[in-house]
>>> print(open('structure-v9.txt').read())   # compact mmCIF, C-alpha atoms and all ligand atoms
# COMPACT_ATOMS: atom_id res chain seq x y z
CA MET A 25 33.03 7.26 7.45
CA ASP A 26 30.40 7.11 10.14
CA HIS A 27 30.02 7.42 13.89
CA PHE A 28 28.75 3.92 14.61
CA HIS A 29 31.50 1.90 16.24
CA TYR A 30 32.23 -0.70 18.86
CA LEU A 31 33.30 0.64 22.21
CA ARG A 32 34.15 -1.79 25.03
CA GLY A 33 32.53 -4.58 23.04
CA HIS A 34 29.22 -2.85 22.34
CA LEU A 35 28.03 -1.05 19.24
CA HIS A 36 27.56 2.66 19.86
CA ALA A 37 25.99 5.47 17.92
CA GLU A 38 28.40 8.27 18.75
CA ASP A 39 28.60 7.98 22.58
CA VAL A 40 25.34 6.10 23.10
CA PRO A 41 25.24 2.29 23.37
CA ILE A 42 22.73 0.93 20.86
CA ALA A 43 21.51 -1.54 23.49
CA HIS A 44 20.44 1.39 25.73
CA ILE A 45 18.31 2.80 22.95
CA ALA A 46 16.84 -0.64 22.31
CA THR A 47 15.82 -0.89 25.97
CA ALA A 48 14.29 2.60 25.87
CA VAL A 49 12.30 2.38 22.63
CA GLY A 50 12.02 -1.34 21.89
CA THR A 51 13.01 -3.04 18.65
CA PRO A 52 13.07 -2.68 15.74
CA PHE A 53 14.02 0.97 15.36
CA TYR A 54 16.01 3.29 13.13
CA CYS A 55 18.91 5.16 14.68
CA TYR A 56 20.55 8.20 13.06
CA SER A 57 23.78 9.95 13.99
CA THR A 58 23.98 13.75 13.95
CA ALA A 59 27.79 13.69 13.68
CA THR A 60 27.55 11.46 10.59
CA LEU A 61 24.88 13.63 8.96
CA THR A 62 27.03 16.67 9.65
CA ARG A 63 30.14 15.03 8.30
CA HIS A 64 28.52 13.95 5.05
CA TYR A 65 26.90 17.32 4.51
CA THR A 66 30.11 19.24 5.14
CA VAL A 67 32.20 16.95 2.93
CA PHE A 68 29.71 17.45 0.08
CA ARG A 69 29.49 21.21 0.67
CA ASP A 70 33.25 21.65 0.92
CA ALA A 71 33.77 19.68 -2.30
CA LEU A 72 31.69 22.33 -4.08
CA ALA A 73 33.66 25.24 -2.62
CA GLY A 74 34.15 28.04 -5.12
CA LEU A 75 31.08 27.12 -7.16
CA ASP A 76 27.85 29.11 -6.87
CA ALA A 77 26.07 26.06 -5.46
CA THR A 78 22.89 25.38 -3.49
CA ILE A 79 22.52 21.95 -1.94
CA CYS A 80 18.88 20.93 -1.89
CA TYR A 81 18.69 17.74 0.17
CA ALA A 82 16.46 15.18 -1.59
CA MET A 83 14.06 14.61 1.29
CA LYS A 84 12.64 11.44 -0.17
CA ALA A 85 15.73 9.65 1.13
CA ASN A 86 14.78 10.41 4.71
CA PRO A 87 12.03 12.92 5.38
CA ASN A 88 12.07 12.80 9.17
CA LEU A 89 11.65 16.36 10.47
CA ALA A 90 14.63 16.12 12.78
CA VAL A 91 16.88 14.85 9.99
CA VAL A 92 15.74 17.61 7.66
CA ALA A 93 16.11 20.20 10.44
CA THR A 94 19.65 18.97 11.16
CA LEU A 95 20.62 19.43 7.51
CA ALA A 96 18.74 22.73 7.24
CA GLY A 97 20.68 23.94 10.27
CA LEU A 98 23.86 23.29 8.30
CA GLY A 99 22.55 25.39 5.41
CA ALA A 100 20.86 22.79 3.23
CA GLY A 101 17.81 23.56 1.14
CA ALA A 102 15.40 20.83 0.10
CA ASP A 103 14.36 18.95 -3.02
CA VAL A 104 10.74 17.91 -2.52
CA VAL A 105 8.47 15.74 -4.64
CA SER A 106 5.05 16.22 -3.05
CA GLU A 107 3.07 18.73 -1.07
CA GLY A 108 3.68 16.57 1.98
CA GLU A 109 7.43 16.91 1.56
CA LEU A 110 7.11 20.62 0.88
CA ARG A 111 5.15 21.09 4.09
CA ARG A 112 7.70 19.01 5.97
CA ALA A 113 10.59 21.05 4.57
CA LEU A 114 8.93 24.29 5.70
CA ALA A 115 8.09 22.78 9.10
CA ALA A 116 11.72 21.70 9.51
CA GLY A 117 12.87 25.28 8.92
CA VAL A 118 14.04 25.12 5.31
CA PRO A 119 13.51 28.60 3.81
CA ALA A 120 11.11 28.59 0.84
CA ASP A 121 13.74 30.22 -1.34
CA ARG A 122 15.94 27.13 -0.94
CA ILE A 123 13.29 24.61 -2.00
CA VAL A 124 13.05 22.88 -5.38
CA PHE A 125 9.91 20.95 -6.33
CA SER A 126 10.62 17.94 -8.59
CA GLY A 127 8.42 15.09 -9.71
CA VAL A 128 6.77 13.73 -12.80
CA GLY A 129 3.14 14.11 -11.69
CA LYS A 130 2.53 17.18 -9.55
CA THR A 131 -1.17 17.91 -9.16
CA GLU A 132 -2.86 21.30 -9.61
CA GLU A 133 -3.30 21.51 -5.83
CA GLU A 134 0.37 20.80 -5.23
CA LEU A 135 1.56 23.30 -7.81
CA THR A 136 -0.80 25.96 -6.47
CA PHE A 137 0.49 25.39 -2.96
CA ALA A 138 4.09 25.64 -4.19
CA LEU A 139 3.31 28.89 -6.02
CA THR A 140 1.74 30.43 -2.94
CA CYS A 141 4.81 29.47 -0.87
CA GLY A 142 7.13 31.23 -3.30
CA ILE A 143 9.66 28.40 -3.51
CA MET A 144 12.94 28.78 -5.37
CA GLN A 145 12.13 26.57 -8.32
CA ILE A 146 9.67 24.15 -9.83
CA ASN A 147 11.23 21.52 -12.06
CA VAL A 148 8.82 20.94 -14.93
CA GLU A 149 8.96 17.45 -16.39
CA SER A 150 6.59 17.58 -19.37
CA GLU A 151 4.77 19.86 -21.78
CA PRO A 152 1.35 19.25 -20.18
CA GLU A 153 2.83 20.17 -16.82
CA LEU A 154 4.36 23.32 -18.30
CA HIS A 155 0.98 24.50 -19.55
CA MET A 156 -0.80 23.55 -16.35
CA LEU A 157 1.73 25.49 -14.30
CA ASN A 158 1.54 28.49 -16.62
CA ARG A 159 -2.24 28.61 -16.28
CA LEU A 160 -2.13 28.30 -12.48
CA ALA A 161 0.52 31.01 -12.19
CA VAL A 162 -1.41 33.39 -14.45
CA ASP A 163 -4.56 32.81 -12.41
CA LEU A 164 -2.66 33.60 -9.23
CA GLY A 165 -1.02 36.64 -10.82
CA VAL A 166 2.50 35.31 -10.22
CA GLN A 167 5.33 33.93 -12.31
CA ALA A 168 6.59 30.44 -11.57
CA SER A 169 10.35 30.14 -11.31
CA VAL A 170 11.04 27.14 -13.52
CA ALA A 171 13.72 24.77 -14.68
CA LEU A 172 12.85 22.19 -17.33
CA ARG A 173 13.97 18.71 -16.47
CA VAL A 174 15.42 17.11 -19.55
CA ASN A 175 16.05 13.45 -20.08
CA PRO A 176 19.61 13.22 -21.40
CA ASP A 177 19.26 9.57 -22.42
CA VAL A 178 22.40 8.35 -20.71
CA ASP A 179 22.87 5.01 -19.01
CA ALA A 180 23.57 5.58 -15.34
CA GLY A 181 24.86 2.02 -14.98
CA THR A 182 22.83 1.51 -11.84
CA HIS A 183 20.02 -0.87 -10.84
CA ALA A 184 17.28 -0.83 -13.50
CA LYS A 185 14.66 0.10 -10.91
CA ILE A 186 16.47 3.29 -9.91
CA THR A 187 17.73 4.52 -13.27
CA THR A 188 15.88 7.58 -14.56
CA GLY A 189 17.83 9.15 -17.40
CA ARG A 190 17.11 6.77 -20.30
CA LYS A 191 14.66 7.74 -22.99
CA GLU A 192 12.42 4.82 -22.05
CA ASN A 193 12.08 6.18 -18.50
CA LYS A 194 9.13 8.38 -17.60
CA PHE A 195 11.26 11.26 -16.36
CA GLY A 196 12.00 14.61 -17.93
CA ILE A 197 11.43 16.06 -21.35
CA GLU A 198 12.79 13.97 -24.15
CA TRP A 199 16.22 15.15 -25.19
CA ILE A 200 15.35 15.83 -28.82
CA ARG A 201 12.30 17.89 -27.83
CA ALA A 202 13.98 19.81 -25.03
CA HIS A 203 15.20 22.67 -27.17
CA ARG A 204 11.78 23.32 -28.68
CA VAL A 205 9.97 23.11 -25.32
CA MET A 206 12.44 25.52 -23.76
CA ARG A 207 11.75 28.07 -26.48
CA GLU A 208 8.03 27.61 -25.94
CA ALA A 209 8.42 27.96 -22.15
CA ALA A 210 10.36 31.18 -22.51
CA LEU A 211 7.31 32.80 -24.13
CA LEU A 212 4.71 31.82 -21.52
CA PRO A 213 3.56 34.71 -19.30
CA GLY A 214 3.28 32.65 -16.10
CA ILE A 215 6.70 31.05 -16.48
CA ALA A 216 10.02 32.61 -15.50
CA LEU A 217 12.38 30.19 -17.21
CA ARG A 218 15.61 30.00 -15.26
CA GLY A 219 17.33 26.86 -16.31
CA VAL A 220 17.61 23.20 -17.01
CA ALA A 221 17.54 20.19 -14.67
CA VAL A 222 18.77 16.61 -14.98
CA HIS A 223 18.75 13.63 -12.66
CA ILE A 224 19.92 10.40 -14.24
CA GLY A 225 19.53 7.86 -11.48
CA SER A 226 20.50 6.87 -8.01
CA GLN A 227 23.37 4.94 -6.42
CA LEU A 228 25.76 5.77 -9.27
CA THR A 229 29.20 4.33 -8.70
CA GLU A 230 30.91 5.75 -11.79
CA LEU A 231 31.55 9.32 -12.88
CA GLU A 232 31.20 8.79 -16.62
CA PRO A 233 27.38 8.86 -16.72
CA PHE A 234 27.43 12.16 -14.83
CA ARG A 235 29.99 13.52 -17.27
CA ASP A 236 27.91 12.41 -20.26
CA ALA A 237 24.78 14.05 -18.88
CA PHE A 238 26.62 17.26 -17.98
CA LEU A 239 28.16 17.45 -21.47
CA ARG A 240 24.70 17.17 -23.00
CA LEU A 241 23.50 19.88 -20.67
CA ARG A 242 26.38 22.08 -21.73
CA ASP A 243 25.43 21.68 -25.40
CA LEU A 244 21.82 22.52 -24.63
CA VAL A 245 22.79 25.67 -22.72
CA ALA A 246 24.90 26.82 -25.68
CA MET A 247 21.99 26.27 -28.09
CA LEU A 248 19.53 28.05 -25.85
CA ARG A 249 21.81 30.99 -25.25
CA ALA A 250 22.37 31.25 -29.00
CA ASP A 251 18.60 31.64 -29.27
CA GLY A 252 18.64 34.46 -26.74
CA ILE A 253 17.14 32.38 -23.92
CA PRO A 254 19.08 33.28 -20.79
CA ILE A 255 19.98 30.21 -18.76
CA THR A 256 21.15 31.09 -15.30
CA ARG A 257 20.60 27.89 -13.33
CA LEU A 258 21.53 24.27 -13.77
CA ASP A 259 20.02 21.67 -11.47
CA LEU A 260 22.25 18.61 -11.55
CA GLY A 261 20.04 16.29 -9.50
CA GLY A 262 21.41 13.73 -7.06
CA GLY A 263 22.56 10.19 -7.57
CA LEU A 264 26.01 9.89 -6.05
CA GLY A 265 26.32 6.39 -4.62
CA VAL A 266 27.48 5.13 -1.24
CA PRO A 267 29.35 1.94 -0.34
CA TYR A 268 26.94 -0.80 0.77
CA GLU A 269 29.24 -3.73 0.12
CA ASP A 270 32.41 -3.55 -1.93
CA GLU A 271 31.51 -0.76 -4.36
CA ILE A 272 33.80 2.26 -4.32
CA PRO A 273 31.68 5.20 -5.41
CA PRO A 274 33.38 8.39 -6.52
CA SER A 275 34.12 10.84 -3.72
CA PRO A 276 32.22 14.13 -3.59
CA GLU A 277 35.53 15.79 -4.53
CA ALA A 278 35.87 13.69 -7.69
CA TYR A 279 32.22 14.35 -8.57
CA ALA A 280 32.71 18.09 -8.00
CA ALA A 281 35.80 18.02 -10.20
CA VAL A 282 33.68 16.75 -13.11
CA VAL A 283 31.11 19.45 -12.45
CA ARG A 284 33.82 22.12 -12.46
CA GLU A 285 35.46 20.71 -15.57
CA VAL A 286 32.28 20.44 -17.65
CA LEU A 287 30.05 23.20 -16.32
CA GLY A 288 32.27 25.45 -14.23
CA ASP A 289 32.68 28.20 -16.83
CA LEU A 290 29.00 28.58 -17.77
CA ASP A 291 28.34 31.27 -15.20
CA CYS A 292 25.29 29.45 -13.87
CA LYS A 293 24.01 28.96 -10.37
CA LEU A 294 24.21 25.23 -9.67
CA ILE A 295 21.66 23.26 -7.70
CA PHE A 296 22.43 19.81 -6.33
CA GLU A 297 19.85 17.32 -5.05
CA PRO A 298 21.82 14.73 -3.08
CA GLY A 299 19.84 12.32 -0.94
CA ARG A 300 21.54 9.01 -0.25
CA VAL A 301 25.07 10.39 -0.02
CA LEU A 302 24.03 12.71 2.82
CA VAL A 303 21.98 10.31 4.92
CA GLY A 304 22.64 6.72 3.82
CA ASN A 305 25.59 6.12 6.05
CA ALA A 306 24.07 8.04 8.94
CA GLY A 307 21.47 5.44 9.84
CA LEU A 308 21.17 1.94 11.28
CA LEU A 309 18.18 -0.32 11.47
CA VAL A 310 18.38 -2.17 14.77
CA SER A 311 16.49 -5.41 15.18
CA ARG A 312 16.30 -8.38 17.55
CA VAL A 313 16.60 -12.02 16.60
CA ILE A 314 13.31 -13.73 17.50
CA HIS A 315 14.30 -17.27 16.61
CA VAL A 316 17.13 -19.17 15.09
CA LYS A 317 15.52 -21.87 13.04
CA GLU A 318 17.32 -24.84 11.53
CA GLY A 319 15.74 -25.54 8.14
CA ALA A 320 16.28 -28.62 5.99
CA THR A 321 19.24 -27.11 4.16
CA ARG A 322 20.05 -23.90 5.93
CA THR A 323 19.82 -21.86 9.11
CA PHE A 324 17.40 -18.94 9.35
CA ALA A 325 17.74 -16.04 11.74
CA VAL A 326 14.21 -14.70 12.06
CA LEU A 327 14.24 -11.02 13.04
CA ASP A 328 11.59 -8.73 14.44
CA ALA A 329 12.24 -6.34 11.52
CA GLY A 330 10.62 -7.19 8.21
CA MET A 331 10.61 -6.09 4.62
CA ASN A 332 7.95 -3.54 5.54
CA ASP A 333 10.57 -1.80 7.71
CA LEU A 334 13.44 -1.99 5.20
CA MET A 335 12.22 -2.70 1.68
CA ARG A 336 15.46 -2.30 -0.22
CA PRO A 337 16.65 -5.93 -0.17
CA ALA A 338 13.21 -7.21 -1.27
CA LEU A 339 12.75 -4.54 -3.91
CA TYR A 340 16.23 -4.11 -5.36
CA ASP A 341 18.13 -7.16 -4.07
CA SER A 342 20.27 -4.66 -2.25
CA HIS A 343 22.96 -5.56 0.20
CA HIS A 344 23.11 -4.09 3.70
CA ALA A 345 25.90 -5.10 6.04
CA ILE A 346 24.51 -6.78 9.14
CA VAL A 347 26.52 -6.60 12.35
CA PRO A 348 25.90 -7.98 15.83
CA VAL A 349 25.41 -5.24 18.44
CA ASN A 350 27.63 -7.19 20.85
CA GLU A 351 31.06 -7.20 19.27
CA PRO A 352 32.17 -10.69 18.28
CA PRO A 353 35.75 -11.70 19.03
CA PRO A 354 38.04 -11.01 16.05
CA ASP A 355 38.67 -14.70 15.39
CA VAL A 356 35.04 -15.77 15.70
CA GLU A 357 33.83 -18.50 13.39
CA ARG A 358 31.37 -17.27 10.77
CA VAL A 359 28.59 -19.48 9.50
CA PRO A 360 26.17 -19.04 6.61
CA VAL A 361 22.73 -17.84 7.65
CA ASP A 362 19.61 -16.57 5.91
CA VAL A 363 18.51 -13.41 7.68
CA VAL A 364 14.77 -13.09 7.30
CA GLY A 365 11.84 -11.10 8.66
CA PRO A 366 8.57 -12.36 10.11
CA ILE A 367 6.38 -11.44 7.13
CA CYS A 368 4.42 -14.05 5.24
CA GLU A 369 6.34 -13.82 1.95
CA THR A 370 9.53 -15.44 0.78
CA THR A 371 10.75 -12.07 -0.43
CA ASP A 372 10.93 -10.97 3.21
CA THR A 373 14.58 -11.96 3.19
CA PHE A 374 17.34 -9.52 4.06
CA ALA A 375 20.31 -11.73 3.23
CA ARG A 376 20.88 -15.23 1.91
CA GLN A 377 23.77 -17.37 3.11
CA ARG A 378 25.41 -14.39 4.77
CA MET A 379 28.54 -15.31 6.71
CA LEU A 380 27.89 -14.11 10.26
CA PRO A 381 28.97 -15.11 13.74
CA ALA A 382 26.38 -17.59 15.06
CA LEU A 383 23.33 -15.60 16.19
CA ARG A 384 21.20 -16.49 19.20
CA ALA A 385 17.57 -15.68 19.91
CA GLY A 386 17.40 -12.38 21.73
CA ALA A 387 20.57 -10.97 20.15
CA LEU A 388 20.50 -7.48 18.68
CA VAL A 389 21.74 -6.89 15.15
CA ALA A 390 22.18 -3.68 13.16
CA PHE A 391 21.77 -3.13 9.44
CA ARG A 392 24.26 -0.54 8.30
CA THR A 393 23.77 2.18 5.68
CA ALA A 394 20.06 2.24 6.38
CA GLY A 395 19.63 6.00 6.71
CA ALA A 396 18.47 6.50 3.12
CA TYR A 397 15.29 4.96 1.69
CA GLY A 398 14.84 2.88 4.83
CA ALA A 399 12.22 4.42 7.13
CA ALA A 400 11.15 6.55 4.17
CA MET A 401 9.86 3.53 2.27
CA SER A 402 8.46 1.57 5.18
CA SER A 403 4.85 0.49 5.40
CA THR A 404 2.44 -1.13 7.83
CA TYR A 405 2.13 -4.33 5.79
CA ASN A 406 0.87 -7.21 7.94
CA SER A 407 -0.55 -4.52 10.31
CA ARG A 408 2.88 -3.92 11.73
CA PRO A 409 3.28 -0.47 13.28
CA LEU A 410 5.79 1.89 11.65
CA ILE A 411 8.93 1.60 13.74
CA PRO A 412 10.41 4.39 15.86
CA GLU A 413 13.24 6.63 14.74
CA VAL A 414 15.88 7.94 17.12
CA LEU A 415 18.44 10.68 16.59
CA VAL A 416 21.70 10.62 18.52
CA ARG A 417 23.91 13.61 19.18
CA GLY A 418 27.00 12.99 21.29
CA ASP A 419 25.86 11.26 24.46
CA ALA A 420 22.19 12.22 23.99
CA PHE A 421 19.45 10.54 22.05
CA SER A 422 15.93 11.57 21.24
CA LEU A 423 12.90 9.75 19.91
CA ILE A 424 12.12 11.61 16.68
CA ARG A 425 9.24 9.42 15.57
CA ALA A 426 7.26 7.37 18.05
CA ARG A 427 5.96 3.89 17.38
CA PRO A 428 2.19 4.24 17.00
CA THR A 429 0.01 2.19 19.32
CA TYR A 430 -2.34 -0.40 17.88
CA ASP A 431 -5.25 1.76 19.01
CA GLU A 432 -3.84 4.68 17.03
CA MET A 433 -3.50 2.47 13.98
CA LEU A 434 -7.06 1.19 14.25
CA ALA A 435 -8.41 4.69 14.88
CA GLN A 436 -7.50 5.64 11.30
CA GLU A 437 -10.17 3.31 9.96
CA THR A 438 -13.93 3.38 10.31
CA LEU A 439 -16.69 0.92 9.61
CA PRO A 440 -19.52 1.98 7.29
CA ASP A 441 -22.94 2.15 8.97
CA TRP A 442 -24.06 -1.10 7.32
CA LEU A 443 -21.28 -2.88 9.18
CA GLY A 444 -22.21 -1.39 12.52
CA GLY A 445 -20.22 1.87 12.27
CA THR A 446 -21.61 5.04 13.74
N1 LIG B 1 16.55 14.23 -7.41
C1 LIG B 1 15.57 13.53 -8.01
C2 LIG B 1 14.76 14.18 -9.04
C3 LIG B 1 15.37 12.18 -7.68
O1 LIG B 1 14.41 11.48 -8.29
C4 LIG B 1 16.17 11.56 -6.69
C5 LIG B 1 15.97 10.15 -6.31
C6 LIG B 1 17.16 12.35 -6.06
C7 LIG B 1 17.32 13.67 -6.45
C8 LIG B 1 18.05 11.81 -5.00
O2 LIG B 1 18.86 10.78 -5.46
P1 LIG B 1 20.03 10.18 -4.55
O3 LIG B 1 21.06 11.28 -4.34
O4 LIG B 1 19.43 9.78 -3.25
O5 LIG B 1 20.55 9.06 -5.32
N2 LIG B 1 14.45 3.96 -3.34
C9 LIG B 1 15.66 3.79 -4.11
C10 LIG B 1 16.22 5.11 -4.61
C11 LIG B 1 15.22 5.91 -5.43
C12 LIG B 1 15.75 7.25 -5.85
C13 LIG B 1 14.69 8.09 -6.44
N3 LIG B 1 15.09 9.40 -6.83
C14 LIG B 1 16.67 3.02 -3.26
O6 LIG B 1 16.35 2.64 -2.13
O7 LIG B 1 17.77 2.75 -3.71
>>> encode(input="structure-v9.txt", output="structure tokens", more="lines below")
Ligand code: LLP
Amino acid sequence: MDHFHYLRGHLHAEDVPIAHIATAVGTPFYCYSTATLTRHYTVFRDALAGLDATICYAMKANPNLAVVATLAGLGAGADVVSEGELRRALAAGVPADRIVFSGVGKTEEELTFALTCGIMQINVESEPELHMLNRLAVDLGVQASVALRVNPDVDAGTHAKITTGRKENKFGIEWIRAHRVMREAALLPGIALRGVAVHIGSQLTELEPFRDAFLRLRDLVAMLRADGIPITRLDLGGGLGVPYEDEIPPSPEAYAAVVREVLGDLDCKLIFEPGRVLVGNAGLLVSRVIHVKEGATRTFAVLDAGMNDLMRPALYDSHHAIVPVNEPPPDVERVPVDVVGPICETTDTFARQRMLPALRAGALVAFRTAGAYGAAMSSTYNSRPLIPEVLVRGDAFSLIRARPTYDEMLAQETLPDWLGGT
């Protein structure tokens, strides 16, 4: 459920007409809804009621300060994967003791920064990282609060490019080595070993892979406890899917039921790292049709948004619903159209032969479910400025990231002296 709807024939974000925002900030732009963010966070949180749970929002899905601050205001912590995200989380008001640092290749500088911030947990993904972190912590005279990310070798049944829990993926410590590495970690002076972490993939639409991974985790906890290694925390990662097209992902309640069933009696603090399920539905990408072009065999709607603004269709063949901002009559004829961007690559295609009401040049369209991994993954390819982001709350809206000017973009670069630079 979201708070984007037609009112009197015009698409609104909560109480604000999308067309008003388009006039104010220009197109294309991302638009987020506070009420939708709040709803998704509270549904997820309430599903976990009764468990000792901390929700660490996976900021990679949408790192905008205002989005993170909105979730932090509701009580969310943060899952970060770089120093940049860690600094953003702190700047958005997330307390350090609710921040988890994940990632397969954290640098010495990043780990040192995390140690000096005193964050809740660093998820260690490999033996070399374990030893690097131990050394840095000893040098700083602190102990790093650590969970080891294990790779449970389960098939998440999701797109190959976003699956992470198979043994051929780069993530986590190999399942068969996990036990030995945990025992080793428990003996290191700079490491306070608290628990185990898993994250098996993203956009999961079935519960079974979660159950399989959690069962493996349960076995590992039993083995470790039998060895006298106290395990007090389990980080269960993110991954719960959202409906983009006709998938029906499990509800947070159903997901929480599996957590309770498999892990509920282990007396562990549970950490969750949801990203997409909190923000995916809470965002639109709004774009204007530049031209409608009749090709030899098909019609193209050429938009002012390109694959640099929303990479997901080009990268993962993903589907985003596209809706006209002016509500079409219910009985409108739908015609097949290829919805494309202006970028000089064939892969700059958002939808092929999509059945849409006939679009005209100048019309506004909105891509739904664009709040996660949309703006976050955008680039300036073709020297296109990053597009603005707007947050709506009730009848108010605020520009939460401005579109840079061309001068600002050029100012980032300098010419060497042999090319006339100063
Ligand atoms: N925790 C870890 C360690 C992760 O690697 C991820 C996502 C998450 C949590 C959050 O997963 P979520 O709840 O959002 O599924 N760009 C891709 C998705 C990549 C996900 C990467 N890791 C996409 O647009 O579909």
>>> residues_around(input="structure-v9.txt", residues="region 99-107 of chain A", least_positions_apart="5", cutoff="6 Å", atoms="all atoms listed in the file", output="ChimeraX atom specification")
/A:79-82,118,122-127,134
>>> atom_distance(input="structure-v9.txt", atom1="CA of Lys84 (chain A)", atom2="CA of Glu277 (chain A)")
23.7 Å
>>> residues_near_ligand(input="structure-v9.txt", ligand="ligand LIG 1 (chain B)", cutoff="6 Å", atoms="all atoms listed in the file", output="NGL selection string")
:A and (82 or 85 or 126 or 186 or 223 or 226-227 or 261-264 or 297-301 or 336 or 397)
>>> atom_distance(input="structure-v9.txt", atom1="CA of Gly181 (chain A)", atom2="CA of Asp259 (chain A)")
20.5 Å
>>> residues_around(input="structure-v9.txt", residues="Glu149 (chain A)", least_positions_apart="6", cutoff="6 Å", atoms="all atoms listed in the file", output="list in words")
Val128, Arg173, Gly196 and Ile197 of chain A
>>> closest_residue(input="structure-v9.txt", among="A:Val356, A:Ile424, A:Ala168, A:Val414", to="Leu309 (chain A)", atoms="all atoms listed in the file")
A:Val414
>>> residues_near_point(input="structure-v9.txt", point="(11.5, -6.4, 12.4)", cutoff="8 Å", atoms="all atoms listed in the file", output="list of chain:residue names")
A:Thr51, A:Pro52, A:Ser311, A:Arg312, A:Leu327, A:Asp328, A:Ala329, A:Gly330, A:Met331, A:Asp333, A:Gly365, A:Pro366
>>> atom_distance(input="structure-v9.txt", atom1="CA of Gly418 (chain A)", atom2="CA of Phe28 (chain A)")
11.4 Å
>>> closest_residue(input="structure-v9.txt", among="A:Pro152, A:Leu157, A:Leu339, A:Thr429", to="Glu133 (chain A)", atoms="all atoms listed in the file")
A:Leu157
>>> closest_residue(input="structure-v9.txt", among="A:Asn193, A:Asp243, A:Phe296, A:Leu228", to="Ala280 (chain A)", atoms="all atoms listed in the file")
A:Phe296
>>> residues_around(input="structure-v9.txt", residues="Thr140 (chain A)", least_positions_apart="4", cutoff="9 Å", atoms="only C-alpha atoms", output="PyMOL selection string")
chain A and resi 135-136+164+166
>>> closest_atom_pairs(input="structure-v9.txt", of="region 309-359 of chain A", to="region 387-392 of chain A", cutoff="10 Å", atoms="only C-alpha atoms", output="JSON lines")
{"residue": "A:Leu309", "atom": "CA", "partner": "A:Phe391", "partner_atom": "CA", "distance": 5.0}
{"residue": "A:Val310", "atom": "CA", "partner": "A:Ala390", "partner_atom": "CA", "distance": 4.4}
{"residue": "A:Ser311", "atom": "CA", "partner": "A:Val389", "partner_atom": "CA", "distance": 5.5}
{"residue": "A:Arg312", "atom": "CA", "partner": "A:Leu388", "partner_atom": "CA", "distance": 4.4}
{"residue": "A:Val313", "atom": "CA", "partner": "A:Ala387", "partner_atom": "CA", "distance": 5.4}
{"residue": "A:Ile314", "atom": "CA", "partner": "A:Ala387", "partner_atom": "CA", "distance": 8.2}
{"residue": "A:His315", "atom": "CA", "partner": "A:Ala387", "partner_atom": "CA", "distance": 9.6}
{"residue": "A:Leu327", "atom": "CA", "partner": "A:Val389", "partner_atom": "CA", "distance": 8.8}
{"residue": "A:Asp328", "atom": "CA", "partner": "A:Leu388", "partner_atom": "CA", "distance": 9.9}
{"residue": "A:Leu334", "atom": "CA", "partner": "A:Phe391", "partner_atom": "CA", "distance": 9.4}
{"residue": "A:His343", "atom": "CA", "partner": "A:Arg392", "partner_atom": "CA", "distance": 9.6}
{"residue": "A:His344", "atom": "CA", "partner": "A:Arg392", "partner_atom": "CA", "distance": 5.9}
{"residue": "A:Ala345", "atom": "CA", "partner": "A:Arg392", "partner_atom": "CA", "distance": 5.3}
{"residue": "A:Ile346", "atom": "CA", "partner": "A:Phe391", "partner_atom": "CA", "distance": 4.6}
{"residue": "A:Val347", "atom": "CA", "partner": "A:Ala390", "partner_atom": "CA", "distance": 5.3}
{"residue": "A:Pro348", "atom": "CA", "partner": "A:Val389", "partner_atom": "CA", "distance": 4.4}
{"residue": "A:Val349", "atom": "CA", "partner": "A:Val389", "partner_atom": "CA", "distance": 5.2}
{"residue": "A:Asn350", "atom": "CA", "partner": "A:Leu388", "partner_atom": "CA", "distance": 7.5}
>>> closest_residue(input="structure-v9.txt", among="A:Tyr65, A:Tyr405, A:Tyr30, A:Tyr56", to="Ile367 (chain A)", atoms="all atoms listed in the file")
A:Tyr405
>>> closest_residue(input="structure-v9.txt", among="A:Glu230, A:Asp431, A:Glu132, A:Asp355", to="Leu154 (chain A)", atoms="only C-alpha atoms")
A:Glu132
